[in-house]
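Source file: coords_33.pdb. Holds: PDB, C-alpha atoms.
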ATOM      1  CA  MET P   3       0.000   0.000   0.000
ATOM      2  CA  ALA P   4       1.301   3.425  -0.943
ATOM      3  CA  ASN P   5       2.025   5.864   1.869
ATOM      4  CA  GLU P   6      -0.075   8.797   0.655
ATOM      5  CA  LEU P   7      -3.627   9.726  -0.264
ATOM      6  CA  MET P   8      -3.888  12.700  -2.586
ATOM      7  CA  VAL P   9      -6.462  15.422  -3.272
ATOM      8  CA  VAL P  10      -6.285  17.658  -6.340
ATOM      9  CA  ALA P  11      -7.491  21.024  -5.069
ATOM     10  CA  GLU P  12      -9.646  23.673  -6.661
ATOM     11  CA  HIS P  13      -9.211  27.233  -5.460
ATOM     12  CA  ASP P  14      -9.788  30.857  -6.346
ATOM     13  CA  GLY P  15      -6.226  31.939  -5.682
ATOM     14  CA  MET P  16      -7.060  32.694  -2.043
ATOM     15  CA  GLN P  17      -9.167  29.856  -0.629
ATOM     16  CA  PRO P  18     -10.092  26.296  -1.564
ATOM     17  CA  THR P  19     -13.571  25.910  -2.990
ATOM     18  CA  PRO P  20     -16.261  24.468  -0.684
ATOM     19  CA  ALA P  21     -16.263  21.326  -2.858
ATOM     20  CA  THR P  22     -12.542  20.848  -2.221
ATOM     21  CA  VAL P  23     -13.037  21.296   1.526
ATOM     22  CA  ASN P  24     -15.680  18.556   1.402
ATOM     23  CA  VAL P  25     -13.334  16.249  -0.496
ATOM     24  CA  LEU P  26     -10.503  16.998   1.954
ATOM     25  CA  ASN P  27     -12.734  16.095   4.889
ATOM     26  CA  VAL P  28     -13.522  12.708   3.363
ATOM     27  CA  ALA P  29      -9.881  12.212   2.364
ATOM     28  CA  ARG P  30      -8.674  12.986   5.895
ATOM     29  CA  LYS P  31     -10.864  10.222   7.324
ATOM     30  CA  LEU P  32      -9.754   7.744   4.644
ATOM     31  CA  ALA P  33      -6.066   8.617   5.116
ATOM     32  CA  ASP P  34      -6.379   7.994   8.847
ATOM     33  CA  GLU P  35      -8.038   4.638   8.209
ATOM     34  CA  LEU P  36      -5.297   3.689   5.765
ATOM     35  CA  GLY P  37      -2.569   4.963   8.067
ATOM     36  CA  VAL P  38      -1.093   7.152   5.330
ATOM     37  CA  GLU P  39      -0.341  10.843   4.896
ATOM     38  CA  LEU P  40      -2.733  13.211   3.176
ATOM     39  CA  ALA P  41      -1.284  15.359   0.420
ATOM     40  CA  VAL P  42      -2.990  18.120  -1.534
ATOM     41  CA  VAL P  43      -1.891  19.185  -5.016
ATOM     42  CA  VAL P  44      -2.245  22.890  -5.739
ATOM     43  CA  LEU P  45      -1.810  23.976  -9.352
ATOM     44  CA  GLY P  46      -2.068  27.407 -10.921
ATOM     45  CA  ASP P  47      -0.339  30.747 -11.097
ATOM     46  CA  GLN P  48       0.606  33.084  -8.217
ATOM     47  CA  LEU P  49      -0.187  30.561  -5.503
ATOM     48  CA  GLU P  50       1.425  32.078  -2.400
ATOM     49  CA  LYS P  51      -1.834  33.045  -0.662
ATOM     50  CA  VAL P  52      -3.693  29.799  -1.291
ATOM     51  CA  VAL P  53      -0.679  27.725  -0.217
ATOM     52  CA  ARG P  54      -0.654  29.571   3.117
ATOM     53  CA  THR P  55      -4.344  28.712   3.521
ATOM     54  CA  PHE P  56      -3.694  25.012   2.949
ATOM     55  CA  GLN P  57      -0.882  25.104   5.502
ATOM     56  CA  ASP P  58      -3.506  25.741   8.191
ATOM     57  CA  MET P  59      -5.390  22.593   7.237
ATOM     58  CA  LYS P  60      -4.876  19.074   8.458
ATOM     59  CA  VAL P  61      -2.704  17.861   5.617
ATOM     60  CA  GLU P  62       0.840  16.563   5.789
ATOM     61  CA  GLN P  63       2.070  17.710   2.363
ATOM     62  CA  ILE P  64       1.261  20.452  -0.117
ATOM     63  CA  LEU P  65       2.525  19.727  -3.608
ATOM     64  CA  VAL P  66       2.764  23.009  -5.492
ATOM     65  CA  VAL P  67       2.996  23.390  -9.258
ATOM     66  CA  GLU P  68       3.141  27.011 -10.367
ATOM     67  CA  HIS P  69       3.114  28.019 -14.022
ATOM     68  CA  MET P  70       1.274  30.654 -16.066
ATOM     69  CA  ASN P  71      -0.106  27.934 -18.383
ATOM     70  CA  LEU P  72      -1.908  26.404 -15.391
ATOM     71  CA  LYS P  73      -3.787  29.596 -14.587
ATOM     72  CA  TRP P  74      -7.206  27.960 -14.978
ATOM     73  CA  ASN P  75      -6.178  24.647 -13.432
ATOM     74  CA  TRP P  76      -7.782  22.282 -15.924
ATOM     75  CA  GLY P  77      -7.296  20.905 -19.420
ATOM     76  CA  ILE P  78      -4.743  18.530 -20.889
ATOM     77  CA  GLN P  79      -1.834  20.563 -19.509
ATOM     78  CA  THR P  80      -3.133  19.828 -16.010
ATOM     79  CA  ALA P  81      -3.358  16.104 -16.782
ATOM     80  CA  ASN P  82       0.207  16.130 -18.092
ATOM     81  CA  VAL P  83       1.521  17.833 -14.955
ATOM     82  CA  LEU P  84      -0.385  15.505 -12.639
ATOM     83  CA  LYS P  85       0.872  12.464 -14.508
ATOM     84  CA  GLY P  86       4.455  13.407 -13.697
ATOM     85  CA  ILE P  87       3.717  13.895  -9.999
ATOM     86  CA  LEU P  88       1.564  10.783  -9.600
ATOM     87  CA  SER P  89       3.982   8.559 -11.474
ATOM     88  CA  ASP P  90       6.640   9.596  -8.989
ATOM     89  CA  ILE P  91       4.572   9.306  -5.803
ATOM     90  CA  GLN P  92       2.191   6.415  -6.626
ATOM     91  CA  PRO P  93      -0.460   7.367  -4.026
ATOM     92  CA  SER P  94      -3.106   5.014  -2.672
ATOM     93  CA  ALA P  95      -5.785   7.039  -4.464
ATOM     94  CA  VAL P  96      -6.427  10.447  -5.978
ATOM     95  CA  LEU P  97      -9.598  12.352  -5.089
ATOM     96  CA  LEU P  98     -11.153  15.197  -7.083
ATOM     97  CA  GLY P  99     -14.413  17.100  -6.844
ATOM     98  CA  TYR P 100     -17.020  16.131  -9.433
ATOM     99  CA  ASN P 101     -17.221  19.053 -11.838
ATOM    100  CA  TYR P 102     -16.149  20.201 -15.293
ATOM    101  CA  GLN P 103     -12.503  19.994 -14.258
ATOM    102  CA  SER P 104     -12.628  16.382 -13.167
ATOM    103  CA  ILE P 105     -14.790  15.386 -16.137
ATOM    104  CA  GLU P 106     -11.980  16.569 -18.407
ATOM    105  CA  VAL P 107      -8.887  15.829 -16.336
ATOM    106  CA  GLY P 108      -9.881  12.553 -14.657
ATOM    107  CA  PRO P 109     -10.238  10.336 -17.743
ATOM    108  CA  ALA P 110      -7.179  11.871 -19.428
ATOM    109  CA  LEU P 111      -5.107  11.208 -16.328
ATOM    110  CA  ALA P 112      -6.377   7.641 -15.949
ATOM    111  CA  VAL P 113      -5.455   6.832 -19.556
ATOM    112  CA  ARG P 114      -1.976   8.276 -19.170
ATOM    113  CA  LEU P 115      -1.313   6.291 -15.976
ATOM    114  CA  GLY P 116      -3.274   3.138 -16.725
ATOM    115  CA  TRP P 117      -5.219   3.559 -13.460
ATOM    116  CA  THR P 118      -8.889   2.999 -12.665
ATOM    117  CA  PHE P 119     -11.102   6.093 -12.819
ATOM    118  CA  ILE P 120     -14.578   6.191 -11.255
ATOM    119  CA  SER P 121     -16.552   9.418 -11.524
ATOM    120  CA  ASN P 122     -19.581  10.938  -9.817
ATOM    121  CA  CYS P 123     -19.083   9.047  -6.551
ATOM    122  CA  LEU P 124     -21.694   9.920  -3.945
ATOM    123  CA  ASP P 125     -19.708   8.185  -1.218
ATOM    124  CA  LEU P 126     -16.326   6.509  -0.801
ATOM    125  CA  GLN P 127     -15.428   4.165   2.033
ATOM    126  CA  LEU P 128     -12.873   1.538   2.989
ATOM    127  CA  LEU P 129     -14.144  -1.866   4.044
ATOM    128  CA  GLY P 130     -12.134  -5.042   4.366
ATOM    129  CA  GLY P 131      -9.235  -3.686   2.365
ATOM    130  CA  LYS P 132     -11.487  -2.660  -0.531
ATOM    131  CA  TRP P 133     -12.930   0.589  -1.806
ATOM    132  CA  ILE P 134     -16.716   0.725  -1.545
ATOM    133  CA  ILE P 135     -18.075   3.331  -3.950
ATOM    134  CA  THR P 136     -21.658   4.574  -4.108
ATOM    135  CA  ARG P 137     -22.831   5.946  -7.458
ATOM    136  CA  GLN P 138     -26.200   7.039  -8.761
ATOM    137  CA  LEU P 139     -28.223   5.575 -11.616
ATOM    138  CA  TYR P 140     -31.224   6.844 -13.572
ATOM    139  CA  GLY P 141     -30.770  10.476 -12.615
ATOM    140  CA  GLY P 142     -30.468   9.717  -8.924
ATOM    141  CA  LEU P 143     -33.511   7.440  -8.652
ATOM    142  CA  ARG P 144     -31.296   4.474  -7.751
ATOM    143  CA  HIS P 145     -27.906   4.083  -6.075
ATOM    144  CA  VAL P 146     -25.429   1.299  -6.755
ATOM    145  CA  LYS P 147     -22.469   0.177  -4.649
ATOM    146  CA  ILE P 148     -19.241  -0.827  -6.406
ATOM    147  CA  GLU P 149     -16.463  -2.861  -4.823
ATOM    148  CA  LEU P 150     -12.916  -2.168  -5.982
ATOM    149  CA  GLU P 151      -9.716  -3.839  -4.844
ATOM    150  CA  CYS P 152      -7.072  -1.544  -3.340
ATOM    151  CA  ASP P 153      -4.277  -3.372  -5.160
ATOM    152  CA  ARG P 154      -3.358  -0.387  -7.341
ATOM    153  CA  PRO P 155      -3.948   3.378  -7.346
ATOM    154  CA  ALA P 156      -7.342   4.673  -8.429
ATOM    155  CA  ILE P 157      -8.806   8.076  -9.249
ATOM    156  CA  PHE P 158     -12.201   9.091  -7.847
ATOM    157  CA  SER P 159     -14.273  12.203  -8.459
ATOM    158  CA  LEU P 160     -16.662  12.861  -5.590
ATOM    159  CA  CYS P 161     -20.118  14.379  -5.887
ATOM    160  CA  LEU P 162     -20.806  14.438  -2.160
ATOM    161  CA  LEU P 163     -24.300  14.369  -0.721
ATOM    162  CA  GLY P 164     -25.063  15.567   2.779
ATOM    163  CA  THR P 165     -23.005  17.860   4.982
ATOM    164  CA  HIS P 166     -19.296  17.292   5.348
ATOM    165  CA  HIS P 167     -18.326  20.252   7.510
ATOM    166  CA  SER P 168     -15.305  19.778   9.729
ATOM    167  CA  GLU P 169     -13.351  21.920  12.121
ATOM    168  CA  TRP P 170      -9.806  21.775  10.774
ATOM    169  CA  VAL P 171      -7.194  21.001  13.391
ATOM    170  CA  GLN P 172      -4.024  22.976  12.831
ATOM    171  CA  THR P 173      -1.132  20.550  13.071
ATOM    172  CA  GLY P 174       1.662  22.940  12.232
ATOM    173  CA  PRO P 175       2.765  23.968   8.756
ATOM    174  CA  ALA P 176       2.539  21.153   6.247
ATOM    175  CA  ARG P 177       5.598  20.270   4.185
ATOM    176  CA  VAL P 178       5.604  22.229   0.945
ATOM    177  CA  VAL P 179       7.136  20.477  -2.053
ATOM    178  CA  ARG P 180       7.475  22.445  -5.270
ATOM    179  CA  TYR P 181       7.468  20.799  -8.668
ATOM    180  CA  SER P 182       8.604  22.215 -11.980
ATOM    181  CA  ALA P 183       5.946  22.200 -14.687
ATOM    182  CA  ASP P 184       7.954  23.526 -17.615
ATOM    183  CA  ASP P 185       8.260  20.196 -19.414
ATOM    184  CA  ASN P 186       4.554  19.373 -19.100
ATOM    185  CA  THR P 187       2.795  22.620 -20.002
ATOM    186  CA  LYS P 188       3.538  22.715 -23.700
ATOM    187  CA  VAL P 189       0.779  24.129 -25.862
ATOM    188  CA  GLU P 190      -1.633  21.393 -26.936
ATOM    189  CA  LYS P 191      -3.898  21.340 -29.979
ATOM    190  CA  ALA P 192      -6.769  22.315 -27.677
ATOM    191  CA  ARG P 193      -6.098  24.914 -25.022
ATOM    192  CA  ILE P 194      -7.970  27.526 -23.000
ATOM    193  CA  LEU P 195      -7.467  31.005 -24.394
ATOM    194  CA  ASP P 196      -9.524  32.940 -21.892
ATOM    195  CA  VAL P 197     -12.227  32.580 -19.238
ATOM    196  CA  GLN P 198     -14.904  35.253 -19.383
ATOM    197  CA  ASN P 199     -17.267  35.881 -16.503
ATOM    198  CA  PRO P 200     -20.838  36.930 -17.356
ATOM    199  CA  VAL P 201     -21.997  40.428 -16.519
ATOM    200  CA  SER P 202     -23.332  40.356 -12.976
ATOM    201  CA  SER P 203     -26.186  42.340 -11.473
ATOM    202  CA  GLY P 204     -24.436  42.268  -8.118
ATOM    203  CA  VAL P 205     -26.402  39.346  -6.639
ATOM    204  CA  ASP P 206     -24.155  36.984  -4.696
ATOM    205  CA  ILE P 207     -26.165  34.046  -3.391
ATOM    206  CA  THR P 208     -23.064  32.574  -1.714
ATOM    207  CA  LYS P 209     -23.329  35.282   0.975
ATOM    208  CA  ALA P 210     -26.982  34.676   1.860
ATOM    209  CA  ASP P 211     -27.935  33.390   5.316
ATOM    210  CA  ILE P 212     -31.295  32.206   3.963
ATOM    211  CA  LEU P 213     -31.759  30.900   0.424
ATOM    212  CA  ILE P 214     -34.963  29.818  -1.270
ATOM    213  CA  GLY P 215     -34.165  27.419  -4.088
ATOM    214  CA  VAL P 216     -36.717  26.891  -6.842
ATOM    215  CA  GLY P 217     -37.009  24.129  -9.423
ATOM    216  CA  ARG P 218     -39.320  23.165 -12.244
ATOM    217  CA  GLY P 219     -41.762  21.782  -9.663
ATOM    218  CA  ILE P 220     -43.058  25.292  -8.952
ATOM    219  CA  GLY P 221     -45.142  24.806 -12.105
ATOM    220  CA  SER P 222     -45.183  28.216 -13.765
ATOM    221  CA  LYS P 223     -43.187  31.396 -13.812
ATOM    222  CA  ALA P 224     -46.125  33.181 -12.187
ATOM    223  CA  ASN P 225     -45.480  31.194  -9.019
ATOM    224  CA  LEU P 226     -42.183  33.047  -8.638
ATOM    225  CA  LEU P 227     -44.296  35.851  -7.164
ATOM    226  CA  LEU P 228     -44.984  33.658  -4.129
ATOM    227  CA  ILE P 229     -41.279  32.832  -3.865
ATOM    228  CA  GLU P 230     -40.375  36.522  -4.054
ATOM    229  CA  GLU P 231     -42.914  37.397  -1.358
ATOM    230  CA  LEU P 232     -41.586  34.698   0.971
ATOM    231  CA  ALA P 233     -38.032  35.871   0.308
ATOM    232  CA  LYS P 234     -39.064  39.419   1.172
ATOM    233  CA  GLN P 235     -40.624  38.333   4.473
ATOM    234  CA  LEU P 236     -37.640  36.177   5.452
ATOM    235  CA  GLY P 237     -34.906  38.495   4.193
ATOM    236  CA  ALA P 238     -33.774  35.707   1.865
ATOM    237  CA  MET P 239     -32.236  35.468  -1.577
ATOM    238  CA  ILE P 240     -33.537  33.257  -4.377
ATOM    239  CA  ALA P 241     -31.569  30.448  -6.001
ATOM    240  CA  CYS P 242     -32.578  28.029  -8.735
ATOM    241  CA  THR P 243     -31.858  24.798 -10.575
ATOM    242  CA  ARG P 244     -30.440  24.440 -14.074
ATOM    243  CA  ALA P 245     -33.925  23.985 -15.562
ATOM    244  CA  LEU P 246     -35.115  27.419 -14.439
ATOM    245  CA  SER P 247     -31.886  29.114 -15.423
ATOM    246  CA  ASP P 248     -31.980  27.570 -18.902
ATOM    247  CA  SER P 249     -35.621  28.630 -19.255
ATOM    248  CA  GLY P 250     -34.639  32.234 -18.545
ATOM    249  CA  TRP P 251     -36.829  32.500 -15.439
ATOM    250  CA  LEU P 252     -33.835  33.576 -13.362
ATOM    251  CA  PRO P 253     -30.339  34.785 -14.357
ATOM    252  CA  SER P 254     -27.464  32.297 -14.270
ATOM    253  CA  GLU P 255     -25.962  33.957 -11.184
ATOM    254  CA  HIS P 256     -28.838  32.403  -9.207
ATOM    255  CA  LEU P 257     -27.896  28.879 -10.335
ATOM    256  CA  VAL P 258     -26.842  26.389  -7.666
ATOM    257  CA  GLY P 259     -25.072  23.156  -8.540
ATOM    258  CA  ILE P 260     -22.032  21.711 -10.219
ATOM    259  CA  SER P 261     -22.436  24.067 -13.185
ATOM    260  CA  GLY P 262     -23.408  26.975 -10.926
ATOM    261  CA  LYS P 263     -22.473  28.056  -7.419
ATOM    262  CA  THR P 264     -21.864  26.133  -4.226
ATOM    263  CA  VAL P 265     -23.766  27.632  -1.297
ATOM    264  CA  THR P 266     -23.727  26.999   2.450
ATOM    265  CA  PRO P 267     -26.475  29.186   3.964
ATOM    266  CA  LYS P 268     -27.862  28.772   7.453
ATOM    267  CA  VAL P 269     -31.202  27.780   5.884
ATOM    268  CA  TYR P 270     -31.936  26.450   2.393
ATOM    269  CA  ILE P 271     -35.619  26.099   1.440
ATOM    270  CA  ALA P 272     -35.945  23.853  -1.626
ATOM    271  CA  CYS P 273     -39.232  24.527  -3.429
ATOM    272  CA  GLY P 274     -40.271  22.136  -6.182
ATOM    273  CA  ILE P 275     -36.754  20.742  -6.502
ATOM    274  CA  SER P 276     -36.611  17.005  -7.167
ATOM    275  CA  GLY P 277     -32.990  16.691  -6.049
ATOM    276  CA  ALA P 278     -30.702  15.799  -8.945
ATOM    277  CA  ALA P 279     -27.188  15.064  -7.717
ATOM    278  CA  GLN P 280     -25.801  18.002  -9.702
ATOM    279  CA  HIS P 281     -27.960  20.440  -7.717
ATOM    280  CA  ILE P 282     -27.543  18.709  -4.368
ATOM    281  CA  ALA P 283     -23.765  18.907  -4.748
ATOM    282  CA  GLY P 284     -24.096  22.685  -4.720
ATOM    283  CA  MET P 285     -26.303  23.063  -1.621
ATOM    284  CA  SER P 286     -25.851  19.967   0.547
ATOM    285  CA  GLY P 287     -23.493  21.878   2.849
ATOM    286  CA  SER P 288     -26.370  24.085   4.065
ATOM    287  CA  ARG P 289     -26.836  23.960   7.840
ATOM    288  CA  ARG P 290     -30.598  23.369   7.610
ATOM    289  CA  ILE P 291     -32.385  22.129   4.505
ATOM    290  CA  ILE P 292     -36.176  22.391   4.269
ATOM    291  CA  ALA P 293     -37.638  20.638   1.230
ATOM    292  CA  ILE P 294     -41.155  21.183  -0.140
ATOM    293  CA  ASN P 295     -42.311  18.726  -2.796
ATOM    294  CA  LYS P 296     -45.515  16.880  -3.615
ATOM    295  CA  ASP P 297     -43.575  13.703  -4.455
ATOM    296  CA  PRO P 298     -42.771  11.839  -1.214
ATOM    297  CA  SER P 299     -40.019   9.862  -2.978
ATOM    298  CA  ALA P 300     -38.192  12.919  -4.326
ATOM    299  CA  PRO P 301     -34.397  12.490  -3.863
ATOM    300  CA  ILE P 302     -34.187  15.933  -2.236
ATOM    301  CA  PHE P 303     -35.726  14.418   0.911
ATOM    302  CA  GLN P 304     -32.635  12.244   1.346
ATOM    303  CA  VAL P 305     -30.590  15.315   2.322
ATOM    304  CA  ALA P 306     -33.348  17.452   3.855
ATOM    305  CA  HIS P 307     -33.487  18.024   7.586
ATOM    306  CA  TYR P 308     -37.206  18.876   7.329
ATOM    307  CA  ALA P 309     -39.574  17.544   4.673
ATOM    308  CA  ILE P 310     -42.932  18.992   3.664
ATOM    309  CA  VAL P 311     -44.940  16.787   1.307
ATOM    310  CA  GLY P 312     -47.802  18.755  -0.170
ATOM    311  CA  ASP P 313     -49.039  21.411  -2.557
ATOM    312  CA  LEU P 314     -46.354  24.053  -3.058
ATOM    313  CA  SER P 315     -48.696  27.039  -3.438
ATOM    314  CA  GLU P 316     -50.629  26.190  -0.275
ATOM    315  CA  THR P 317     -47.420  25.621   1.684
ATOM    316  CA  LEU P 318     -45.811  28.855   0.496
ATOM    317  CA  SER P 319     -48.947  30.861   1.290
ATOM    318  CA  ALA P 320     -48.993  29.423   4.798
ATOM    319  CA  LEU P 321     -45.301  30.178   5.296
ATOM    320  CA  ILE P 322     -45.777  33.760   4.090
ATOM    321  CA  GLU P 323     -48.665  34.338   6.489
ATOM    322  CA  GLU P 324     -46.692  32.855   9.382
ATOM    323  CA  ALA P 325     -43.660  34.998   8.546
ATOM    324  CA  LYS P 326     -45.853  38.110   8.485
ATOM    325  CA  ARG P 327     -47.388  37.173  11.826
ATOM    326  CA  LYS P 328     -43.964  36.668  13.400
ATOM    327  CA  LEU P 329     -42.813  40.054  12.125
ATOM    328  CA  GLN P 330     -45.900  41.747  13.515
ATOM    329  CA  VAL P 331     -45.359  40.145  16.907
ATOM    330  CA  ALA P 332     -41.680  41.106  16.886
ATOM    331  CA  SER P 333     -42.469  44.739  16.045
ATOM    332  CA  SER P 334     -45.252  45.123  18.597
TER     333      SER P 334
END
Reformat the file's structure so that it appears as structure tokens.
Amino acid sequence: MANELMVVAEHDGMQPTPATVNVLNVARKLADELGVELAVVVLGDQLEKVVRTFQDMKVEQILVVEHMNLKWNWGIQTANVLKGILSDIQPSAVLLGYNYQSIEVGPALAVRLGWTFISNCLDLQLLGGKWIITRQLYGGLRHVKIELECDRPAIFSLCLLGTHHSEWVQTGPARVVRYSADDNTKVEKARILDVQNPVSSGVDITKADILIGVGRGIGSKANLLLIEELAKQLGAMIACTRALSDSGWLPSEHLVGISGKTVTPKVYIACGISGAAQHIAGMSGSRRIIAINKDPSAPIFQVAHYAIVGDLSETLSALIEEAKRKLQVASS
């Protein structure tokens, strides 16, 4: 068994993304069970600040690869750089978040190394010297468990359900090992030229204490009026699923999920959201999740702390009236 477990980190140049923190929490537990060190790979350009952040986390090693061609931390150049590091270290396993980066990098890396790659893992455990992987089927309607021998390194991308918060224990500065990337960042036939952010109206749902998420289950765009009224009474912001964003009901900056934003509000009220794994991955870190859906078997109830099965309009109207009553009592 190799003596390291490795996480490939995502970051914004300052902090790791919430998805990476979730993956690190799972990786820390697995590394302790394996009795190996936990290493995090940080790639990109101008990494001093984010490296200092990782030094305060419970990891033993930080492997740093700094090069201007790795500015966006994905693509074939990233796979080439990781191949060199992983070939040298031969870790027990490599963990990534499940997103556009891992969809592109994971398979390319597995082919280059000849390792097993399993994507979209809802859970990853060790049992009897084997990896036990939980994946979803049929859009999340069914889950399947896969058993994989630990006889060689494997690459997993994790789409974590549920809350994986952890209080990081500072164990002293981790060892920082710097790798040269010059030989592995040559220009490929396909490369990223630029990343352009859409024009924003100033809404930042990641800073909301209370979020009301809406999905196609709200029925019609007219029902957004009820959502807006409830948000007004609660001092909340509104988030949405991919279906509503694609339909133009709400701007893309309200989108929560793998292709949108990851949010961790104090309260997340899911209205008419069935609970596809892509959306749940973006909001499962919320402290309290209240789900309203007329389908009692909706996957969203698997992660909800409170479940309301019933008509959405009736439930929202009742919540609005109760919120108004509470405000009146508070002001009297």
Select all residues near (-2.5, 8.1, -15.4) (cut-off 9 Å, inclusive, file coordinates), counting all atoms listed in the file, and output them as a short mmCIF file (atom, residue, chain, number, x, y, z; two decimals) with C-alpha atoms, keeping the file's coordinate frame.
data_model
loop_
_atom_site.label_atom_id
_atom_site.label_comp_id
_atom_site.auth_asym_id
_atom_site.auth_seq_id
_atom_site.Cartn_x
_atom_site.Cartn_y
_atom_site.Cartn_z
CA ALA P 81 -3.36 16.10 -16.78
CA ASN P 82 0.21 16.13 -18.09
CA LEU P 84 -0.38 15.50 -12.64
CA LYS P 85 0.87 12.46 -14.51
CA GLY P 86 4.46 13.41 -13.70
CA LEU P 88 1.56 10.78 -9.60
CA SER P 89 3.98 8.56 -11.47
CA GLY P 108 -9.88 12.55 -14.66
CA PRO P 109 -10.24 10.34 -17.74
CA ALA P 110 -7.18 11.87 -19.43
CA LEU P 111 -5.11 11.21 -16.33
CA ALA P 112 -6.38 7.64 -15.95
CA VAL P 113 -5.46 6.83 -19.56
CA ARG P 114 -1.98 8.28 -19.17
CA LEU P 115 -1.31 6.29 -15.98
CA GLY P 116 -3.27 3.14 -16.73
CA TRP P 117 -5.22 3.56 -13.46
CA THR P 118 -8.89 3.00 -12.66
CA ILE P 157 -8.81 8.08 -9.25
#
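You will find CA of Asn101 in chain P at 20.0 Å from CA of Pro301 in chain P.
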What would the selection look like, as an NGL selection string, if the PyMOL selection byres ((chain P and resi 48) around 10) were run on the coordinates I just shared? :P and (15-16 or 45-47 or 49-53 or 68-70 or 73)
Written as a list in words, which residues does the PyMOL selection byres ((chain P and resi 37) around 10) give for the file shown? Met3, Ala4, Asn5, Glu6, Leu7, Lys31, Leu32, Ala33, Asp34, Glu35, Leu36, Val38, Glu39 and Leu40 of chain P
Writer output for current selection, C-alpha atoms, as a PDB file, keeping the file's coordinate frame:
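Below is the file again-v4.pdb, written as the result:
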ATOM      1  CA  MET P   3       0.000   0.000   0.000  1.00  0.00           C
ATOM      2  CA  ALA P   4       1.301   3.425  -0.943  1.00  0.00           C
ATOM      3  CA  ASN P   5       2.025   5.864   1.869  1.00  0.00           C
ATOM      4  CA  GLU P   6      -0.075   8.797   0.655  1.00  0.00           C
ATOM      5  CA  LEU P   7      -3.627   9.726  -0.264  1.00  0.00           C
ATOM      6  CA  LYS P  31     -10.864  10.222   7.324  1.00  0.00           C
ATOM      7  CA  LEU P  32      -9.754   7.744   4.644  1.00  0.00           C
ATOM      8  CA  ALA P  33      -6.066   8.617   5.116  1.00  0.00           C
ATOM      9  CA  ASP P  34      -6.379   7.994   8.847  1.00  0.00           C
ATOM     10  CA  GLU P  35      -8.038   4.638   8.209  1.00  0.00           C
ATOM     11  CA  LEU P  36      -5.297   3.689   5.765  1.00  0.00           C
ATOM     12  CA  VAL P  38      -1.093   7.152   5.330  1.00  0.00           C
ATOM     13  CA  GLU P  39      -0.341  10.843   4.896  1.00  0.00           C
ATOM     14  CA  LEU P  40      -2.733  13.211   3.176  1.00  0.00           C
TER      15      LEU P  40
END
For Ala245 in chain P, please output as a list of chain:residue names all residues within 10 Å (counting only C-alpha atoms; exclusion window: fewer than 5 positions along the same chain). P:Val216, P:Gly217, P:Arg218, P:Gly250, P:Trp251, P:Leu252, P:Leu257
Repaired coordinates for range 266-278 of chain P (N, CA and C atoms) as an mmCIF file, in the coordinates of the input:
data_model
loop_
_atom_site.group_PDB
_atom_site.id
_atom_site.type_symbol
_atom_site.label_atom_id
_atom_site.label_comp_id
_atom_site.auth_asym_id
_atom_site.auth_seq_id
_atom_site.Cartn_x
_atom_site.Cartn_y
_atom_site.Cartn_z
ATOM 1 N N THR P 266 -23.648 27.600 1.109
ATOM 2 C CA THR P 266 -23.727 26.999 2.450
ATOM 3 C C THR P 266 -24.474 27.939 3.390
ATOM 4 N N PRO P 267 -25.730 28.270 3.087
ATOM 5 C CA PRO P 267 -26.475 29.186 3.964
ATOM 6 C C PRO P 267 -26.863 28.512 5.275
ATOM 7 N N LYS P 268 -27.345 29.328 6.203
ATOM 8 C CA LYS P 268 -27.862 28.772 7.453
ATOM 9 C C LYS P 268 -29.144 27.979 7.190
ATOM 10 N N VAL P 269 -29.956 28.466 6.236
ATOM 11 C CA VAL P 269 -31.202 27.780 5.884
ATOM 12 C C VAL P 269 -31.348 27.758 4.363
ATOM 13 N N TYR P 270 -31.657 26.583 3.828
ATOM 14 C CA TYR P 270 -31.936 26.450 2.393
ATOM 15 C C TYR P 270 -33.326 25.834 2.257
ATOM 16 N N ILE P 271 -34.255 26.583 1.648
ATOM 17 C CA ILE P 271 -35.619 26.099 1.440
ATOM 18 C C ILE P 271 -35.748 25.681 -0.023
ATOM 19 N N ALA P 272 -35.878 24.390 -0.262
ATOM 20 C CA ALA P 272 -35.945 23.853 -1.626
ATOM 21 C C ALA P 272 -37.408 23.708 -2.025
ATOM 22 N N CYS P 273 -37.829 24.499 -2.999
ATOM 23 C CA CYS P 273 -39.232 24.527 -3.429
ATOM 24 C C CYS P 273 -39.368 23.902 -4.819
ATOM 25 N N GLY P 274 -40.048 22.774 -4.888
ATOM 26 C CA GLY P 274 -40.271 22.136 -6.182
ATOM 27 C C GLY P 274 -39.002 21.626 -6.825
ATOM 28 N N ILE P 275 -38.035 21.259 -6.010
ATOM 29 C CA ILE P 275 -36.754 20.742 -6.502
ATOM 30 C C ILE P 275 -36.721 19.237 -6.250
ATOM 31 N N SER P 276 -36.578 18.462 -7.318
ATOM 32 C CA SER P 276 -36.611 17.005 -7.167
ATOM 33 C C SER P 276 -35.369 16.490 -6.455
ATOM 34 N N GLY P 277 -34.209 17.087 -6.751
ATOM 35 C CA GLY P 277 -32.990 16.691 -6.049
ATOM 36 C C GLY P 277 -31.991 15.941 -6.894
ATOM 37 N N ALA P 278 -31.759 16.407 -8.123
ATOM 38 C CA ALA P 278 -30.702 15.799 -8.945
ATOM 39 C C ALA P 278 -29.361 15.998 -8.252
#
